[in-house]
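*Asks:* Supplied structure: structure-v4.txt, compact mmCIF, N, CA, C and O atoms.
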```txt
# COMPACT_ATOMS: atom_id res chain seq x y z
N THR A 21 0.82 -1.20 0.00
CA THR A 21 0.00 0.00 0.00
C THR A 21 0.86 1.26 0.00
O THR A 21 0.44 2.27 -0.52
N SER A 22 2.02 1.18 0.54
CA SER A 22 2.84 2.39 0.63
C SER A 22 3.46 2.77 -0.71
O SER A 22 3.53 3.94 -1.05
N PHE A 23 3.90 1.80 -1.49
CA PHE A 23 4.55 2.12 -2.77
C PHE A 23 3.53 2.50 -3.83
O PHE A 23 3.71 3.45 -4.57
N ILE A 24 2.44 1.76 -3.91
CA ILE A 24 1.45 1.97 -4.98
C ILE A 24 0.59 3.21 -4.71
O ILE A 24 0.41 4.05 -5.56
N ALA A 25 0.05 3.32 -3.49
CA ALA A 25 -0.93 4.37 -3.23
C ALA A 25 -0.53 5.33 -2.11
O ALA A 25 -1.31 6.18 -1.74
N HIS A 26 0.66 5.18 -1.58
CA HIS A 26 1.09 6.01 -0.45
C HIS A 26 0.04 5.97 0.66
O HIS A 26 -0.31 7.00 1.23
N ALA A 27 -0.45 4.80 0.94
CA ALA A 27 -1.54 4.65 1.89
C ALA A 27 -1.21 3.61 2.96
O ALA A 27 -2.08 2.84 3.36
N GLY A 28 0.01 3.58 3.42
CA GLY A 28 0.40 2.58 4.41
C GLY A 28 0.00 2.91 5.83
O GLY A 28 -0.06 2.04 6.69
N GLY A 29 -0.31 4.18 6.10
CA GLY A 29 -0.63 4.60 7.46
C GLY A 29 -1.86 3.95 8.07
O GLY A 29 -1.79 3.42 9.18
N PRO A 30 -3.01 3.96 7.38
CA PRO A 30 -4.21 3.36 7.99
C PRO A 30 -4.07 1.88 8.33
O PRO A 30 -4.40 1.49 9.46
N PRO A 31 -3.56 1.02 7.43
CA PRO A 31 -3.40 -0.38 7.85
C PRO A 31 -2.44 -0.54 9.03
O PRO A 31 -2.68 -1.34 9.93
N LEU A 32 -1.38 0.25 9.03
CA LEU A 32 -0.44 0.20 10.14
C LEU A 32 -1.13 0.63 11.43
O LEU A 32 -0.95 0.00 12.48
N ASN A 33 -1.92 1.69 11.37
CA ASN A 33 -2.62 2.16 12.57
C ASN A 33 -3.58 1.12 13.10
O ASN A 33 -3.67 0.91 14.32
N PHE A 34 -4.33 0.45 12.21
CA PHE A 34 -5.23 -0.61 12.67
C PHE A 34 -4.46 -1.72 13.37
O PHE A 34 -4.88 -2.23 14.41
N TYR A 35 -3.33 -2.09 12.81
CA TYR A 35 -2.52 -3.13 13.43
C TYR A 35 -1.99 -2.67 14.79
O TYR A 35 -2.09 -3.39 15.79
N LEU A 36 -1.42 -1.48 14.84
CA LEU A 36 -0.82 -0.99 16.08
C LEU A 36 -1.85 -0.76 17.18
O LEU A 36 -1.53 -0.92 18.36
N LEU A 37 -3.07 -0.38 16.80
CA LEU A 37 -4.11 -0.21 17.81
C LEU A 37 -4.36 -1.50 18.57
O LEU A 37 -4.62 -1.49 19.77
N GLN A 38 -4.27 -2.63 17.88
CA GLN A 38 -4.51 -3.93 18.52
C GLN A 38 -3.36 -4.35 19.43
O GLN A 38 -3.52 -5.25 20.26
N CYS A 39 -2.21 -3.70 19.29
CA CYS A 39 -1.05 -4.05 20.11
C CYS A 39 -1.09 -3.45 21.51
O CYS A 39 -0.27 -3.80 22.36
N ARG A 40 -2.01 -2.54 21.73
CA ARG A 40 -2.18 -1.90 23.05
C ARG A 40 -0.90 -1.24 23.56
O ARG A 40 -0.51 -1.40 24.72
N LEU A 41 -0.24 -0.51 22.69
CA LEU A 41 0.98 0.20 23.07
C LEU A 41 0.61 1.51 23.75
O LEU A 41 -0.50 2.01 23.61
N SER A 42 1.56 2.08 24.48
CA SER A 42 1.36 3.44 24.98
C SER A 42 1.38 4.38 23.78
O SER A 42 1.84 4.01 22.69
N LYS A 43 0.88 5.60 23.96
CA LYS A 43 0.86 6.50 22.80
C LYS A 43 2.27 6.81 22.32
O LYS A 43 2.50 6.93 21.11
N GLU A 44 3.25 6.87 23.22
CA GLU A 44 4.63 7.11 22.81
C GLU A 44 5.18 5.92 22.01
O GLU A 44 5.85 6.10 21.00
N GLN A 45 4.89 4.70 22.47
CA GLN A 45 5.33 3.51 21.74
C GLN A 45 4.62 3.41 20.38
O GLN A 45 5.24 3.06 19.38
N PHE A 46 3.34 3.74 20.37
CA PHE A 46 2.55 3.73 19.14
C PHE A 46 3.17 4.68 18.11
O PHE A 46 3.45 4.29 16.97
N LEU A 47 3.42 5.91 18.52
CA LEU A 47 3.98 6.91 17.61
C LEU A 47 5.40 6.55 17.19
O LEU A 47 5.76 6.67 16.01
N GLY A 48 6.21 6.10 18.14
CA GLY A 48 7.59 5.73 17.82
C GLY A 48 7.65 4.57 16.83
O GLY A 48 8.44 4.58 15.89
N THR A 49 6.79 3.58 17.04
CA THR A 49 6.75 2.43 16.13
C THR A 49 6.30 2.86 14.74
O THR A 49 6.88 2.45 13.73
N ALA A 50 5.27 3.70 14.69
CA ALA A 50 4.77 4.18 13.40
C ALA A 50 5.84 4.98 12.66
O ALA A 50 6.06 4.78 11.46
N VAL A 51 6.51 5.86 13.37
CA VAL A 51 7.56 6.67 12.75
C VAL A 51 8.69 5.79 12.22
O VAL A 51 9.14 5.94 11.08
N ALA A 52 9.15 4.86 13.05
CA ALA A 52 10.26 3.99 12.63
C ALA A 52 9.86 3.13 11.43
O ALA A 52 10.62 3.00 10.47
N PHE A 53 8.67 2.54 11.48
CA PHE A 53 8.22 1.68 10.38
C PHE A 53 8.06 2.46 9.09
O PHE A 53 8.53 2.03 8.02
N LEU A 54 7.40 3.61 9.14
CA LEU A 54 7.17 4.39 7.93
C LEU A 54 8.46 5.00 7.40
O LEU A 54 8.64 5.10 6.18
N ALA A 55 9.38 5.37 8.28
CA ALA A 55 10.68 5.88 7.82
C ALA A 55 11.45 4.78 7.09
O ALA A 55 12.01 5.02 6.01
N ALA A 56 11.46 3.58 7.66
CA ALA A 56 12.15 2.47 7.00
C ALA A 56 11.49 2.14 5.67
O ALA A 56 12.17 1.91 4.66
N THR A 57 10.17 2.14 5.63
CA THR A 57 9.44 1.88 4.39
C THR A 57 9.79 2.92 3.33
O THR A 57 10.03 2.58 2.17
N ASN A 58 9.84 4.18 3.72
CA ASN A 58 10.16 5.23 2.76
C ASN A 58 11.61 5.13 2.28
O ASN A 58 11.88 5.41 1.10
N LEU A 59 12.52 4.74 3.13
CA LEU A 59 13.91 4.55 2.69
C LEU A 59 14.01 3.42 1.67
O LEU A 59 14.71 3.54 0.67
N VAL A 60 13.30 2.34 1.91
CA VAL A 60 13.31 1.20 0.98
C VAL A 60 12.73 1.62 -0.37
O VAL A 60 13.19 1.16 -1.42
N LYS A 61 11.73 2.49 -0.36
CA LYS A 61 11.08 2.93 -1.61
C LYS A 61 12.02 3.75 -2.49
O LYS A 61 11.76 3.89 -3.69
N LEU A 62 13.08 4.29 -1.94
CA LEU A 62 14.00 5.09 -2.75
C LEU A 62 14.60 4.27 -3.90
O LEU A 62 14.82 4.80 -4.99
N VAL A 63 14.86 3.00 -3.65
CA VAL A 63 15.46 2.15 -4.69
C VAL A 63 14.52 2.01 -5.89
O VAL A 63 14.91 2.34 -7.02
N PRO A 64 13.27 1.54 -5.71
CA PRO A 64 12.41 1.43 -6.90
C PRO A 64 12.09 2.79 -7.53
O PRO A 64 11.98 2.89 -8.75
N TYR A 65 11.96 3.83 -6.72
CA TYR A 65 11.72 5.16 -7.30
C TYR A 65 12.89 5.56 -8.18
O TYR A 65 12.70 6.12 -9.26
N GLY A 66 14.09 5.29 -7.73
CA GLY A 66 15.26 5.59 -8.54
C GLY A 66 15.29 4.78 -9.82
O GLY A 66 15.57 5.31 -10.90
N LEU A 67 14.97 3.49 -9.72
CA LEU A 67 14.95 2.62 -10.90
C LEU A 67 13.87 3.03 -11.90
O LEU A 67 14.02 2.83 -13.11
N LEU A 68 12.80 3.61 -11.40
CA LEU A 68 11.72 4.07 -12.28
C LEU A 68 11.99 5.47 -12.84
O LEU A 68 11.19 5.99 -13.61
N GLY A 69 13.08 6.08 -12.41
CA GLY A 69 13.42 7.42 -12.88
C GLY A 69 12.59 8.52 -12.25
O GLY A 69 12.47 9.61 -12.81
N LEU A 70 12.03 8.25 -11.08
CA LEU A 70 11.18 9.23 -10.43
C LEU A 70 11.94 10.19 -9.50
O LEU A 70 11.34 11.12 -8.97
N LEU A 71 13.21 9.92 -9.30
CA LEU A 71 14.02 10.83 -8.49
C LEU A 71 14.74 11.79 -9.43
O LEU A 71 15.58 11.39 -10.23
N SER A 72 14.37 13.05 -9.33
CA SER A 72 14.99 14.05 -10.20
C SER A 72 15.51 15.20 -9.33
O SER A 72 15.17 15.30 -8.15
N VAL A 73 16.30 16.04 -9.92
CA VAL A 73 16.81 17.21 -9.20
C VAL A 73 15.65 18.07 -8.72
O VAL A 73 15.66 18.58 -7.60
N GLU A 74 14.62 18.20 -9.55
CA GLU A 74 13.45 19.01 -9.17
C GLU A 74 12.74 18.42 -7.95
O GLU A 74 12.41 19.14 -7.01
N ASN A 75 12.51 17.10 -7.98
CA ASN A 75 11.85 16.44 -6.84
C ASN A 75 12.68 16.57 -5.57
O ASN A 75 12.14 16.84 -4.49
N LEU A 76 13.95 16.33 -5.69
CA LEU A 76 14.82 16.41 -4.51
C LEU A 76 14.92 17.84 -4.00
O LEU A 76 15.00 18.06 -2.79
N THR A 77 14.90 18.83 -4.90
CA THR A 77 14.92 20.22 -4.47
C THR A 77 13.67 20.57 -3.68
O THR A 77 13.74 21.20 -2.62
N VAL A 78 12.52 20.14 -4.19
CA VAL A 78 11.27 20.38 -3.47
C VAL A 78 11.31 19.70 -2.10
O VAL A 78 10.90 20.29 -1.09
N ALA A 79 11.80 18.47 -2.05
CA ALA A 79 11.90 17.75 -0.78
C ALA A 79 12.79 18.52 0.21
O ALA A 79 12.44 18.66 1.38
N LEU A 80 13.90 19.02 -0.26
CA LEU A 80 14.79 19.79 0.61
C LEU A 80 14.12 21.08 1.09
O LEU A 80 14.27 21.47 2.25
N LEU A 81 13.38 21.73 0.21
CA LEU A 81 12.69 22.96 0.60
C LEU A 81 11.58 22.71 1.61
O LEU A 81 11.21 23.60 2.37
N MET A 82 11.05 21.50 1.63
CA MET A 82 9.96 21.16 2.55
C MET A 82 10.44 20.72 3.93
O MET A 82 9.64 20.53 4.84
N ILE A 83 11.74 20.58 4.10
CA ILE A 83 12.27 20.15 5.40
C ILE A 83 11.82 21.05 6.54
O ILE A 83 11.40 20.55 7.59
N PRO A 84 11.86 22.39 6.40
CA PRO A 84 11.38 23.22 7.52
C PRO A 84 9.90 22.99 7.84
O PRO A 84 9.52 22.99 9.02
N VAL A 85 9.09 22.76 6.83
CA VAL A 85 7.66 22.50 7.06
C VAL A 85 7.50 21.17 7.80
O VAL A 85 6.70 21.06 8.73
N ALA A 86 8.26 20.16 7.39
CA ALA A 86 8.21 18.87 8.07
C ALA A 86 8.65 19.01 9.52
O ALA A 86 8.03 18.44 10.43
N TRP A 87 9.69 19.78 9.75
CA TRP A 87 10.19 19.99 11.12
C TRP A 87 9.11 20.64 11.97
O TRP A 87 8.88 20.23 13.11
N LEU A 88 8.44 21.66 11.42
CA LEU A 88 7.35 22.31 12.16
C LEU A 88 6.22 21.34 12.45
O LEU A 88 5.63 21.36 13.54
N GLY A 89 5.90 20.48 11.48
CA GLY A 89 4.86 19.48 11.70
C GLY A 89 5.21 18.51 12.81
O GLY A 89 4.36 18.15 13.63
N VAL A 90 6.46 18.10 12.87
CA VAL A 90 6.92 17.21 13.94
C VAL A 90 6.81 17.91 15.29
O VAL A 90 6.33 17.33 16.26
N ARG A 91 7.25 19.15 15.35
CA ARG A 91 7.18 19.89 16.61
C ARG A 91 5.74 20.05 17.08
O ARG A 91 5.42 19.87 18.25
N LEU A 92 4.84 20.41 16.13
CA LEU A 92 3.43 20.55 16.46
C LEU A 92 2.85 19.22 16.94
O LEU A 92 2.09 19.18 17.91
N GLY A 93 3.21 18.15 16.26
CA GLY A 93 2.75 16.83 16.67
C GLY A 93 3.20 16.47 18.08
O GLY A 93 2.43 15.90 18.86
N LEU A 94 4.42 16.82 18.43
CA LEU A 94 4.92 16.55 19.79
C LEU A 94 4.14 17.34 20.82
O LEU A 94 3.79 16.82 21.89
N VAL A 95 3.84 18.59 20.53
CA VAL A 95 3.07 19.43 21.46
C VAL A 95 1.68 18.84 21.66
O VAL A 95 1.21 18.69 22.80
N ILE A 96 1.02 18.48 20.56
CA ILE A 96 -0.33 17.91 20.66
C ILE A 96 -0.30 16.59 21.41
O ILE A 96 -1.13 16.35 22.30
N GLN A 97 0.65 15.74 21.08
CA GLN A 97 0.76 14.42 21.70
C GLN A 97 0.97 14.53 23.20
O GLN A 97 0.40 13.76 23.98
N LYS A 98 1.74 15.50 23.65
CA LYS A 98 1.98 15.66 25.09
C LYS A 98 0.75 16.16 25.83
O LYS A 98 0.58 15.89 27.01
N ARG A 99 -0.12 16.88 25.14
CA ARG A 99 -1.30 17.45 25.79
C ARG A 99 -2.48 16.50 25.84
O ARG A 99 -3.42 16.73 26.60
N LEU A 100 -2.47 15.46 25.04
CA LEU A 100 -3.58 14.50 25.01
C LEU A 100 -3.29 13.33 25.93
O LEU A 100 -2.19 12.78 25.91
N ASN A 101 -4.29 12.93 26.70
CA ASN A 101 -4.10 11.70 27.46
C ASN A 101 -4.25 10.51 26.51
O ASN A 101 -4.76 10.64 25.40
N GLY A 102 -3.79 9.36 26.95
CA GLY A 102 -3.76 8.18 26.09
C GLY A 102 -5.11 7.77 25.55
O GLY A 102 -5.26 7.44 24.38
N GLU A 103 -6.14 7.82 26.40
CA GLU A 103 -7.47 7.40 25.97
C GLU A 103 -8.00 8.30 24.86
O GLU A 103 -8.51 7.81 23.84
N LEU A 104 -7.88 9.61 25.02
CA LEU A 104 -8.35 10.54 24.00
C LEU A 104 -7.53 10.39 22.71
O LEU A 104 -8.08 10.42 21.60
N PHE A 105 -6.24 10.22 22.86
CA PHE A 105 -5.35 10.03 21.71
C PHE A 105 -5.83 8.87 20.84
O PHE A 105 -5.99 9.00 19.63
N PHE A 106 -6.08 7.72 21.47
CA PHE A 106 -6.49 6.54 20.71
C PHE A 106 -7.92 6.65 20.18
O PHE A 106 -8.24 6.12 19.12
N ARG A 107 -8.79 7.36 20.91
CA ARG A 107 -10.14 7.59 20.39
C ARG A 107 -10.10 8.45 19.13
O ARG A 107 -10.86 8.20 18.19
N ILE A 108 -9.24 9.46 19.12
CA ILE A 108 -9.11 10.31 17.94
C ILE A 108 -8.62 9.49 16.75
O ILE A 108 -9.16 9.59 15.64
N ILE A 109 -7.61 8.66 16.97
CA ILE A 109 -7.09 7.83 15.88
C ILE A 109 -8.17 6.89 15.36
O ILE A 109 -8.37 6.77 14.14
N LEU A 110 -8.88 6.22 16.25
CA LEU A 110 -9.92 5.29 15.82
C LEU A 110 -11.04 6.03 15.09
O LEU A 110 -11.53 5.56 14.05
N THR A 111 -11.44 7.19 15.57
CA THR A 111 -12.48 7.98 14.91
C THR A 111 -12.04 8.38 13.51
O THR A 111 -12.82 8.27 12.55
N LEU A 112 -10.81 8.83 13.38
CA LEU A 112 -10.31 9.22 12.05
C LEU A 112 -10.24 8.02 11.10
O LEU A 112 -10.53 8.15 9.91
N LEU A 113 -9.88 6.85 11.63
CA LEU A 113 -9.85 5.65 10.79
C LEU A 113 -11.25 5.25 10.33
O LEU A 113 -11.44 4.85 9.19
N VAL A 114 -12.24 5.38 11.21
CA VAL A 114 -13.62 5.08 10.84
C VAL A 114 -14.09 6.06 9.77
O VAL A 114 -14.71 5.66 8.76
N LEU A 115 -13.79 7.36 9.95
CA LEU A 115 -14.18 8.36 8.95
C LEU A 115 -13.50 8.08 7.61
O LEU A 115 -14.12 8.22 6.55
N LEU A 116 -12.25 7.69 7.65
CA LEU A 116 -11.53 7.34 6.42
C LEU A 116 -12.19 6.14 5.75
O LEU A 116 -12.37 6.12 4.53
N GLY A 117 -12.57 5.14 6.53
CA GLY A 117 -13.24 3.97 5.97
C GLY A 117 -14.55 4.34 5.31
O GLY A 117 -14.87 3.87 4.21
N ILE A 118 -15.33 5.22 5.95
CA ILE A 118 -16.59 5.68 5.36
C ILE A 118 -16.32 6.41 4.06
O ILE A 118 -17.01 6.21 3.06
N ARG A 119 -15.32 7.27 4.07
CA ARG A 119 -14.96 8.03 2.85
C ARG A 119 -14.58 7.08 1.72
O ARG A 119 -14.96 7.27 0.57
N LEU A 120 -13.80 6.05 2.02
CA LEU A 120 -13.40 5.08 0.99
C LEU A 120 -14.61 4.33 0.43
O LEU A 120 -14.69 4.08 -0.77
N ILE A 121 -15.54 3.97 1.30
CA ILE A 121 -16.76 3.28 0.85
C ILE A 121 -17.59 4.19 -0.05
O ILE A 121 -18.05 3.78 -1.12
N VAL A 122 -17.75 5.45 0.37
CA VAL A 122 -18.52 6.40 -0.44
C VAL A 122 -17.85 6.63 -1.78
O VAL A 122 -18.51 6.61 -2.84
N ASP A 123 -16.54 6.84 -1.78
CA ASP A 123 -15.81 7.05 -3.03
C ASP A 123 -15.89 5.82 -3.93
O ASP A 123 -16.03 5.94 -5.15
N GLY A 124 -15.82 4.64 -3.33
CA GLY A 124 -15.88 3.41 -4.12
C GLY A 124 -17.26 3.15 -4.69
O GLY A 124 -17.40 2.58 -5.78
N ALA A 125 -18.29 3.59 -3.98
CA ALA A 125 -19.65 3.38 -4.45
C ALA A 125 -20.06 4.41 -5.51
O ALA A 125 -20.99 4.18 -6.28
N GLY A 126 -19.38 5.54 -5.52
CA GLY A 126 -19.76 6.65 -6.42
C GLY A 126 -19.12 6.51 -7.71
O GLY A 126 -19.43 6.72 -8.79
```
What's the structure tokens form of this structure?
*Replies:*
Amino acid sequence: TSFIAHAGGPPLNFYLLQCRLSKEQFLGTAVAFLAATNLVKLVPYGLLGLLSVENLTVALLMIPVAWLGVRLGLVIQKRLNGELFFRIILTLLVLLGIRLIVDGAG
């Protein structure tokens, strides 16, 4: 799902929710898994000719935005208790599932 549709997050979240991890373990596992997945994808992207100077330039320019997103995520994560954190994730996954069903039916 990650290489074809860039959609590896939801299946990973469903799996990790069943593991009953703390929110820190949940986030750390997700970050490590998705980072490793993205590193592995560099090889096929390169072989397909999808890595260009333009793409890499845009990626480099987006680093400050990514850094701000990480910082914001840390602030939000620290302010949410574990129960609310996991309820939000499950609610968003249910909404995503509904959206996929509606899009598939339309």
*Asks:* Enter the distance from atom N of A:Ala56 to atom CA of A:Arg107, in Å, rounded to one decimal.
*Replies:*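 Taking atom N of A:Ala56 as the start and atom CA of A:Arg107 as the end point, the length is 25.4 Å.
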*Asks:* Restricting the calculation to only C-alpha atoms, which member of A:Ala86, A:Val73, A:Ile109, A:Leu100 is positioned closest to A:Gly29?
*Replies:* A:Ile109
*Asks:* Report, in Å with one decimal, the straight-line distance from atom N of A:Phe34 to atom N of A:Leu110.
*Replies:* 8.4 Å
